[in-house]
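J.: Provided herewith: target_1.cif, mmCIF, N, CA and C atoms.
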```cif
data_query
#
loop_
_atom_site.label_atom_id
_atom_site.label_comp_id
_atom_site.auth_asym_id
_atom_site.auth_seq_id
_atom_site.Cartn_x
_atom_site.Cartn_y
_atom_site.Cartn_z
N MET A 362 5.94 16.77 1.38
CA MET A 362 6.37 16.46 2.72
C MET A 362 7.86 16.13 2.70
N ALA A 363 8.58 16.67 3.67
CA ALA A 363 10.02 16.47 3.74
C ALA A 363 10.37 15.05 4.19
N ASP A 364 11.51 14.57 3.74
CA ASP A 364 11.99 13.25 4.17
C ASP A 364 12.61 13.28 5.56
N PHE A 365 13.06 14.46 6.01
CA PHE A 365 13.70 14.60 7.30
C PHE A 365 13.05 15.75 8.08
N ILE A 366 13.07 15.63 9.40
CA ILE A 366 12.61 16.70 10.28
C ILE A 366 13.82 17.20 11.03
N ASN A 367 14.12 18.49 10.90
CA ASN A 367 15.32 19.06 11.48
C ASN A 367 15.05 19.74 12.82
N SER A 368 16.07 19.82 13.63
CA SER A 368 16.08 20.59 14.88
C SER A 368 14.97 20.19 15.85
N VAL A 369 14.84 18.91 16.12
CA VAL A 369 13.86 18.44 17.10
C VAL A 369 14.54 17.55 18.13
N ASP A 370 13.92 17.46 19.30
CA ASP A 370 14.32 16.48 20.30
C ASP A 370 13.44 15.26 20.09
N VAL A 371 14.03 14.06 20.23
CA VAL A 371 13.29 12.81 20.05
C VAL A 371 13.30 12.06 21.38
N LYS A 372 12.12 11.72 21.87
CA LYS A 372 12.02 10.93 23.09
C LYS A 372 12.61 9.55 22.82
N THR A 373 13.47 9.07 23.70
CA THR A 373 14.17 7.82 23.43
C THR A 373 13.29 6.58 23.61
N LEU A 374 12.27 6.66 24.45
CA LEU A 374 11.40 5.50 24.64
C LEU A 374 10.23 5.55 23.67
N VAL A 375 9.90 4.41 23.12
CA VAL A 375 8.80 4.31 22.16
C VAL A 375 7.46 4.29 22.89
N ASN A 376 6.44 4.86 22.26
CA ASN A 376 5.06 4.77 22.74
C ASN A 376 4.48 3.49 22.13
N ILE A 377 4.01 2.58 22.96
CA ILE A 377 3.50 1.30 22.47
C ILE A 377 2.04 1.15 22.87
N TYR A 378 1.19 0.84 21.88
CA TYR A 378 -0.25 0.68 22.09
C TYR A 378 -0.71 -0.63 21.44
N CYS A 379 -1.87 -1.08 21.86
CA CYS A 379 -2.57 -2.19 21.18
C CYS A 379 -1.67 -3.41 21.02
N ASP A 380 -1.11 -3.88 22.15
CA ASP A 380 -0.26 -5.07 22.15
C ASP A 380 0.92 -4.95 21.19
N GLY A 381 1.44 -3.73 21.03
CA GLY A 381 2.62 -3.51 20.19
C GLY A 381 2.32 -3.31 18.72
N LYS A 382 1.05 -3.36 18.33
CA LYS A 382 0.70 -3.23 16.91
C LYS A 382 0.62 -1.78 16.45
N VAL A 383 0.67 -0.84 17.40
CA VAL A 383 0.76 0.58 17.08
C VAL A 383 1.89 1.15 17.92
N GLN A 384 2.86 1.79 17.26
CA GLN A 384 4.01 2.35 17.96
C GLN A 384 4.34 3.72 17.38
N SER A 385 4.86 4.58 18.26
CA SER A 385 5.26 5.91 17.78
C SER A 385 6.41 6.45 18.60
N ARG A 386 7.06 7.47 18.06
CA ARG A 386 8.12 8.22 18.74
C ARG A 386 7.67 9.67 18.84
N THR A 387 7.93 10.26 19.99
CA THR A 387 7.54 11.65 20.23
C THR A 387 8.66 12.60 19.83
N LEU A 388 8.27 13.64 19.09
CA LEU A 388 9.17 14.72 18.69
C LEU A 388 8.77 16.00 19.42
N ARG A 389 9.76 16.77 19.87
CA ARG A 389 9.49 18.07 20.48
C ARG A 389 10.29 19.13 19.73
N TYR A 390 9.58 20.13 19.22
CA TYR A 390 10.20 21.22 18.47
C TYR A 390 10.69 22.31 19.42
N PRO A 391 11.60 23.17 18.95
CA PRO A 391 12.11 24.25 19.81
C PRO A 391 11.01 25.14 20.40
N ASP A 392 9.89 25.30 19.68
CA ASP A 392 8.79 26.13 20.19
C ASP A 392 7.86 25.37 21.14
N GLY A 393 8.18 24.11 21.44
CA GLY A 393 7.38 23.32 22.37
C GLY A 393 6.33 22.44 21.72
N LYS A 394 6.10 22.60 20.42
CA LYS A 394 5.13 21.78 19.70
C LYS A 394 5.51 20.31 19.78
N LEU A 395 4.50 19.44 19.95
CA LEU A 395 4.73 18.00 19.99
C LEU A 395 4.09 17.31 18.79
N GLN A 396 4.78 16.31 18.28
CA GLN A 396 4.28 15.44 17.22
C GLN A 396 4.70 14.02 17.56
N THR A 397 4.02 13.06 16.97
CA THR A 397 4.53 11.70 17.01
C THR A 397 4.65 11.19 15.59
N LEU A 398 5.66 10.35 15.36
CA LEU A 398 5.83 9.61 14.11
C LEU A 398 5.51 8.17 14.45
N GLY A 399 4.53 7.60 13.76
CA GLY A 399 4.11 6.27 14.17
C GLY A 399 3.84 5.32 13.05
N VAL A 400 3.56 4.08 13.46
CA VAL A 400 3.24 3.01 12.52
C VAL A 400 2.09 2.18 13.08
N TYR A 401 1.16 1.84 12.18
CA TYR A 401 0.08 0.89 12.46
C TYR A 401 0.42 -0.42 11.75
N LEU A 402 0.45 -1.51 12.49
CA LEU A 402 0.52 -2.82 11.84
C LEU A 402 -0.92 -3.22 11.51
N PRO A 403 -1.12 -4.15 10.59
CA PRO A 403 -2.48 -4.54 10.23
C PRO A 403 -3.30 -4.94 11.46
N GLY A 404 -4.54 -4.44 11.52
CA GLY A 404 -5.43 -4.75 12.63
C GLY A 404 -6.49 -3.69 12.79
N GLU A 405 -7.26 -3.80 13.88
CA GLU A 405 -8.28 -2.82 14.22
C GLU A 405 -8.02 -2.36 15.65
N PHE A 406 -8.06 -1.04 15.87
CA PHE A 406 -7.65 -0.46 17.14
C PHE A 406 -8.64 0.60 17.60
N GLU A 407 -8.73 0.78 18.92
CA GLU A 407 -9.57 1.83 19.48
C GLU A 407 -8.70 2.76 20.31
N PHE A 408 -8.91 4.06 20.14
CA PHE A 408 -8.12 5.08 20.83
C PHE A 408 -9.04 6.09 21.50
N HIS A 409 -8.48 6.78 22.49
CA HIS A 409 -9.16 7.91 23.13
C HIS A 409 -8.24 9.12 23.02
N SER A 410 -8.74 10.20 22.48
CA SER A 410 -7.94 11.43 22.38
C SER A 410 -8.19 12.28 23.61
N GLU A 411 -7.12 12.86 24.13
CA GLU A 411 -7.29 13.81 25.23
C GLU A 411 -7.56 15.21 24.66
N GLY A 412 -6.72 15.62 23.73
CA GLY A 412 -6.89 16.91 23.07
C GLY A 412 -7.08 16.70 21.59
N PRO A 413 -7.34 17.77 20.84
CA PRO A 413 -7.51 17.63 19.39
C PRO A 413 -6.20 17.22 18.71
N GLU A 414 -6.34 16.44 17.65
CA GLU A 414 -5.19 15.94 16.90
C GLU A 414 -5.47 16.01 15.40
N LYS A 415 -4.40 16.11 14.64
CA LYS A 415 -4.47 15.98 13.18
C LYS A 415 -3.50 14.86 12.82
N VAL A 416 -4.00 13.81 12.15
CA VAL A 416 -3.19 12.66 11.79
C VAL A 416 -3.00 12.66 10.28
N ILE A 417 -1.74 12.72 9.85
CA ILE A 417 -1.39 12.76 8.43
C ILE A 417 -0.78 11.41 8.06
N MET A 418 -1.35 10.76 7.09
CA MET A 418 -0.84 9.46 6.66
C MET A 418 0.37 9.68 5.74
N THR A 419 1.50 9.08 6.09
CA THR A 419 2.72 9.24 5.30
C THR A 419 3.03 8.00 4.46
N ALA A 420 2.40 6.87 4.77
CA ALA A 420 2.56 5.64 3.98
C ALA A 420 1.38 4.73 4.28
N GLY A 421 0.96 3.98 3.28
CA GLY A 421 -0.15 3.05 3.46
C GLY A 421 -1.50 3.76 3.49
N ALA A 422 -2.45 3.12 4.16
CA ALA A 422 -3.81 3.68 4.26
C ALA A 422 -4.50 3.05 5.46
N VAL A 423 -5.42 3.81 6.04
CA VAL A 423 -6.23 3.32 7.15
C VAL A 423 -7.68 3.68 6.89
N GLU A 424 -8.54 3.08 7.68
CA GLU A 424 -9.93 3.50 7.73
C GLU A 424 -10.19 3.95 9.16
N VAL A 425 -10.94 5.04 9.32
CA VAL A 425 -11.24 5.58 10.65
C VAL A 425 -12.75 5.63 10.84
N LEU A 426 -13.17 5.48 12.10
CA LEU A 426 -14.59 5.51 12.45
C LEU A 426 -14.74 6.30 13.74
N PHE A 427 -15.50 7.39 13.66
CA PHE A 427 -15.80 8.21 14.82
C PHE A 427 -17.23 7.93 15.28
N PRO A 428 -17.56 8.22 16.54
CA PRO A 428 -18.88 7.88 17.07
C PRO A 428 -20.06 8.38 16.23
N GLU A 429 -19.91 9.52 15.60
CA GLU A 429 -21.01 10.09 14.82
C GLU A 429 -21.08 9.53 13.39
N ASP A 430 -20.09 8.74 13.00
CA ASP A 430 -20.04 8.20 11.64
C ASP A 430 -20.90 6.95 11.48
N ASN A 431 -21.48 6.80 10.30
CA ASN A 431 -22.21 5.58 9.96
C ASN A 431 -21.32 4.57 9.25
N ASP A 432 -20.29 5.08 8.56
CA ASP A 432 -19.40 4.23 7.78
C ASP A 432 -17.95 4.58 8.07
N TRP A 433 -17.08 3.61 7.83
CA TRP A 433 -15.64 3.84 7.93
C TRP A 433 -15.21 4.79 6.81
N ARG A 434 -14.27 5.67 7.10
CA ARG A 434 -13.74 6.61 6.11
C ARG A 434 -12.29 6.23 5.80
N ARG A 435 -11.97 6.03 4.53
CA ARG A 435 -10.61 5.65 4.11
C ARG A 435 -9.72 6.88 4.01
N VAL A 436 -8.52 6.77 4.56
CA VAL A 436 -7.55 7.86 4.54
C VAL A 436 -6.24 7.28 4.00
N GLU A 437 -5.80 7.80 2.85
CA GLU A 437 -4.63 7.26 2.17
C GLU A 437 -3.41 8.15 2.35
N THR A 438 -2.27 7.68 1.87
CA THR A 438 -1.01 8.44 1.94
C THR A 438 -1.22 9.86 1.43
N GLY A 439 -0.76 10.84 2.21
CA GLY A 439 -0.90 12.25 1.84
C GLY A 439 -2.18 12.89 2.32
N GLU A 440 -3.12 12.09 2.82
CA GLU A 440 -4.38 12.61 3.36
C GLU A 440 -4.31 12.62 4.88
N CYS A 441 -5.27 13.29 5.51
CA CYS A 441 -5.27 13.37 6.96
C CYS A 441 -6.68 13.21 7.51
N TYR A 442 -6.73 12.98 8.80
CA TYR A 442 -8.01 13.00 9.51
C TYR A 442 -7.84 13.77 10.81
N ASP A 443 -8.90 14.47 11.22
CA ASP A 443 -8.89 15.28 12.43
C ASP A 443 -9.63 14.55 13.53
N VAL A 444 -9.04 14.57 14.71
CA VAL A 444 -9.61 13.91 15.87
C VAL A 444 -10.02 14.99 16.88
N PRO A 445 -11.30 15.08 17.22
CA PRO A 445 -11.72 16.05 18.24
C PRO A 445 -11.18 15.65 19.62
N ALA A 446 -11.10 16.61 20.52
CA ALA A 446 -10.68 16.34 21.89
C ALA A 446 -11.68 15.41 22.57
N ASP A 447 -11.17 14.60 23.49
CA ASP A 447 -11.98 13.71 24.32
C ASP A 447 -12.93 12.84 23.50
N THR A 448 -12.37 12.13 22.54
CA THR A 448 -13.16 11.30 21.63
C THR A 448 -12.62 9.88 21.58
N MET A 449 -13.52 8.90 21.63
CA MET A 449 -13.17 7.50 21.36
C MET A 449 -13.36 7.29 19.86
N PHE A 450 -12.37 6.70 19.20
CA PHE A 450 -12.49 6.43 17.77
C PHE A 450 -11.73 5.16 17.43
N LYS A 451 -12.02 4.62 16.25
CA LYS A 451 -11.40 3.38 15.80
C LYS A 451 -10.59 3.61 14.54
N VAL A 452 -9.53 2.83 14.41
CA VAL A 452 -8.68 2.83 13.22
C VAL A 452 -8.46 1.38 12.83
N ARG A 453 -8.54 1.10 11.54
CA ARG A 453 -8.20 -0.24 11.07
C ARG A 453 -7.40 -0.12 9.78
N CYS A 454 -6.56 -1.14 9.55
CA CYS A 454 -5.78 -1.16 8.32
C CYS A 454 -5.41 -2.59 7.97
N GLY A 455 -5.19 -2.81 6.69
CA GLY A 455 -4.83 -4.12 6.20
C GLY A 455 -3.37 -4.23 5.80
N VAL A 456 -2.67 -3.09 5.78
CA VAL A 456 -1.24 -3.07 5.44
C VAL A 456 -0.52 -2.20 6.46
N ILE A 457 0.78 -2.40 6.60
CA ILE A 457 1.57 -1.54 7.49
C ILE A 457 1.43 -0.11 6.99
N SER A 458 1.07 0.80 7.89
CA SER A 458 0.81 2.19 7.52
C SER A 458 1.50 3.12 8.51
N GLU A 459 2.00 4.25 8.01
CA GLU A 459 2.75 5.19 8.83
C GLU A 459 2.04 6.54 8.88
N TYR A 460 2.28 7.27 9.99
CA TYR A 460 1.59 8.53 10.19
C TYR A 460 2.42 9.52 10.98
N ILE A 461 2.03 10.79 10.89
CA ILE A 461 2.50 11.86 11.77
C ILE A 461 1.27 12.39 12.49
N CYS A 462 1.34 12.49 13.81
CA CYS A 462 0.23 13.03 14.57
C CYS A 462 0.65 14.37 15.15
N ASP A 463 -0.11 15.43 14.81
CA ASP A 463 0.09 16.76 15.38
C ASP A 463 -0.88 16.92 16.55
N PHE A 464 -0.35 17.33 17.69
CA PHE A 464 -1.20 17.62 18.85
C PHE A 464 -1.51 19.09 18.82
N LEU A 465 -2.77 19.43 18.59
CA LEU A 465 -3.18 20.82 18.37
C LEU A 465 -3.50 21.54 19.67
#
```
Output the structure of this file as structure tokens.

T.:
Amino acid sequence: MADFINSVDVKTLVNIYCDGKVQSRTLRYPDGKLQTLGVYLPGEFEFHSEGPEKVIMTAGAVEVLFPEDNDWRRVETGECYDVPADTMFKVRCGVISEYICDFL
């Protein structure tokens, strides 16, 4: 994974969720593709996806739980998890963790 992302527009306002414990910045590529670069502070969070997403962990680790899951699944640096469209899911972490979210 590259240390820098070239030739993108960056939205100047931060996306803030879960009382400020989850934050991200939106990137827009020349072809219109959108991504966010974000951070999870320690805690447990619930999200709703509108469309499908792929979340790649770039630092730290999280555990994710989808409605059909019986157990939390651990996702570490360099690994990813896929989020189906229109899904409620949970994320928890014990350390500051960073991610890239691709909107598919």

J.: Would you mind telling me which residue in A:Pro391, A:Thr438, A:Gly381, A:Val423 lies nearest to Ser368 of chain A when using all atoms listed in the file?

T.: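 For Ser368 of chain A, the nearest of the candidates is A:Pro391.
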
J.: Where does the PyMOL selection byres (((chain A and resi 453 and name CA) around 7) and name CA) land in this file, that is, which residues does it pick, as a compact mmCIF listing (two decimals) with N, CA and C atoms, keeping the file's coordinate frame?

T.:
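New file result-v7.txt:
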```
# COMPACT_ATOMS: atom_id res chain seq x y z
N GLY A 404 -4.54 -4.44 11.52
CA GLY A 404 -5.43 -4.75 12.63
C GLY A 404 -6.49 -3.69 12.79
N GLU A 405 -7.26 -3.80 13.88
CA GLU A 405 -8.28 -2.82 14.22
C GLU A 405 -8.02 -2.36 15.65
N PHE A 406 -8.06 -1.04 15.87
CA PHE A 406 -7.65 -0.46 17.14
C PHE A 406 -8.64 0.60 17.60
N VAL A 423 -5.42 3.81 6.04
CA VAL A 423 -6.23 3.32 7.15
C VAL A 423 -7.68 3.68 6.89
N GLU A 424 -8.54 3.08 7.68
CA GLU A 424 -9.93 3.50 7.73
C GLU A 424 -10.19 3.95 9.16
N VAL A 425 -10.94 5.04 9.32
CA VAL A 425 -11.24 5.58 10.65
C VAL A 425 -12.75 5.63 10.84
N LYS A 451 -12.02 4.62 16.25
CA LYS A 451 -11.40 3.38 15.80
C LYS A 451 -10.59 3.61 14.54
N VAL A 452 -9.53 2.83 14.41
CA VAL A 452 -8.68 2.83 13.22
C VAL A 452 -8.46 1.38 12.83
N CYS A 454 -6.56 -1.14 9.55
CA CYS A 454 -5.78 -1.16 8.32
C CYS A 454 -5.41 -2.59 7.97
```

J.: Which residues match the PyMOL selection byres ((chain A and resi 443) around 8) in the file above, as number ranges by chain?

T.: A: 413-417, 441-442, 444-446

J.: Of the candidates A:Gly421, A:Phe450, A:Lys372, A:Asp463, which shows the shortest atom-to-atom distance to Val436 of chain A, using only N, CA and C atoms?

T.: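 Closest candidate: A:Gly421.
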
J.: Within chain A, find each residue whose DSSP state, derived from the backbone, is strand (DSSP E), and express the selection as an MDAnalysis selection string.

T.: chainID A and resid 370:371 376:378 383:389 395:401 404:410 414:420 422:426 434:437 441:444 448:454 458:464

J.: Could you check which of A:Met449, A:Ile366, A:Leu395, A:Val383 is closest to Glu407 of chain A, using all atoms listed in the file?

T.: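 Counting all atoms listed in the file, the residue closest to Glu407 of chain A is A:Met449.
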
J.: List the residues matched by the PyMOL selection byres (((chain A and resi 402 and name CA) around 8) and name CA) in the displayed structure as a short mmCIF file (atom, residue, chain, number, x, y, z; two decimals) with N, CA and C atoms, keeping the file's coordinate frame, ordered by chain and then by residue number.

T.:
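The file below, expr-v7.cif, is the result:
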```
data_model
loop_
_atom_site.label_atom_id
_atom_site.label_comp_id
_atom_site.auth_asym_id
_atom_site.auth_seq_id
_atom_site.Cartn_x
_atom_site.Cartn_y
_atom_site.Cartn_z
N LYS A 382 1.05 -3.36 18.33
CA LYS A 382 0.70 -3.23 16.91
C LYS A 382 0.62 -1.78 16.45
N VAL A 383 0.67 -0.84 17.40
CA VAL A 383 0.76 0.58 17.08
C VAL A 383 1.89 1.15 17.92
N VAL A 400 3.56 4.08 13.46
CA VAL A 400 3.24 3.01 12.52
C VAL A 400 2.09 2.18 13.08
N TYR A 401 1.16 1.84 12.18
CA TYR A 401 0.08 0.89 12.46
C TYR A 401 0.42 -0.42 11.75
N PRO A 403 -1.12 -4.15 10.59
CA PRO A 403 -2.48 -4.54 10.23
C PRO A 403 -3.30 -4.94 11.46
N GLY A 404 -4.54 -4.44 11.52
CA GLY A 404 -5.43 -4.75 12.63
C GLY A 404 -6.49 -3.69 12.79
N CYS A 454 -6.56 -1.14 9.55
CA CYS A 454 -5.78 -1.16 8.32
C CYS A 454 -5.41 -2.59 7.97
N GLY A 455 -5.19 -2.81 6.69
CA GLY A 455 -4.83 -4.12 6.20
C GLY A 455 -3.37 -4.23 5.80
N VAL A 456 -2.67 -3.09 5.78
CA VAL A 456 -1.24 -3.07 5.44
C VAL A 456 -0.52 -2.20 6.46
N ILE A 457 0.78 -2.40 6.60
CA ILE A 457 1.57 -1.54 7.49
C ILE A 457 1.43 -0.11 6.99
N SER A 458 1.07 0.80 7.89
CA SER A 458 0.81 2.19 7.52
C SER A 458 1.50 3.12 8.51
#
```

J.: Have a look at A:Leu398, A:Met418, A:Leu426, A:Leu465 and name the one nearest to Glu440 of chain A; count all atoms listed in the file.

T.: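 Closest residue, counting all atoms listed in the file: A:Met418.
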
J.: Padding 3 Å on each side, edges along x, y and z: where is the centre of the box around the listed atoms of segment 439-457 of chain A, and how long are its edges in Å to one decimal? Output it as AutoDock Vina command-line options.

T.:
```
--center_x -6.0 --center_y 6.2 --center_z 13.1 --size_x 21.1 --size_y 26.8 --size_z 28.5
```

J.: Measure the distance from atom N of Tyr460 of chain A to atom N of Asn431 of chain A in Å and round it to one decimal.

T.: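 Interatomic distance, atom N of Tyr460 of chain A to atom N of Asn431 of chain A: 23.8 Å.
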
J.: Any idea what the distance is between atom CA of Asn367 of chain A and atom CA of Gly439 of chain A?

T.: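 Answer for the atom CA of Asn367 of chain A to atom CA of Gly439 of chain A separation: 20.1 Å.
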
J.: Just to confirm, what's the straight-line distance from atom C of Ala422 of chain A to atom N of Glu459 of chain A in Å (one decimal)?

T.: 7.1 Å

J.: Would you pick out the contacts of Thr373 of chain A at 8 Å or less, using only N, CA and C atoms, so that residues sharing its chain but fewer than 3 positions from it are not included, and give the list as a PyMOL selection string?

T.: chain A and resi 370+376+386-387
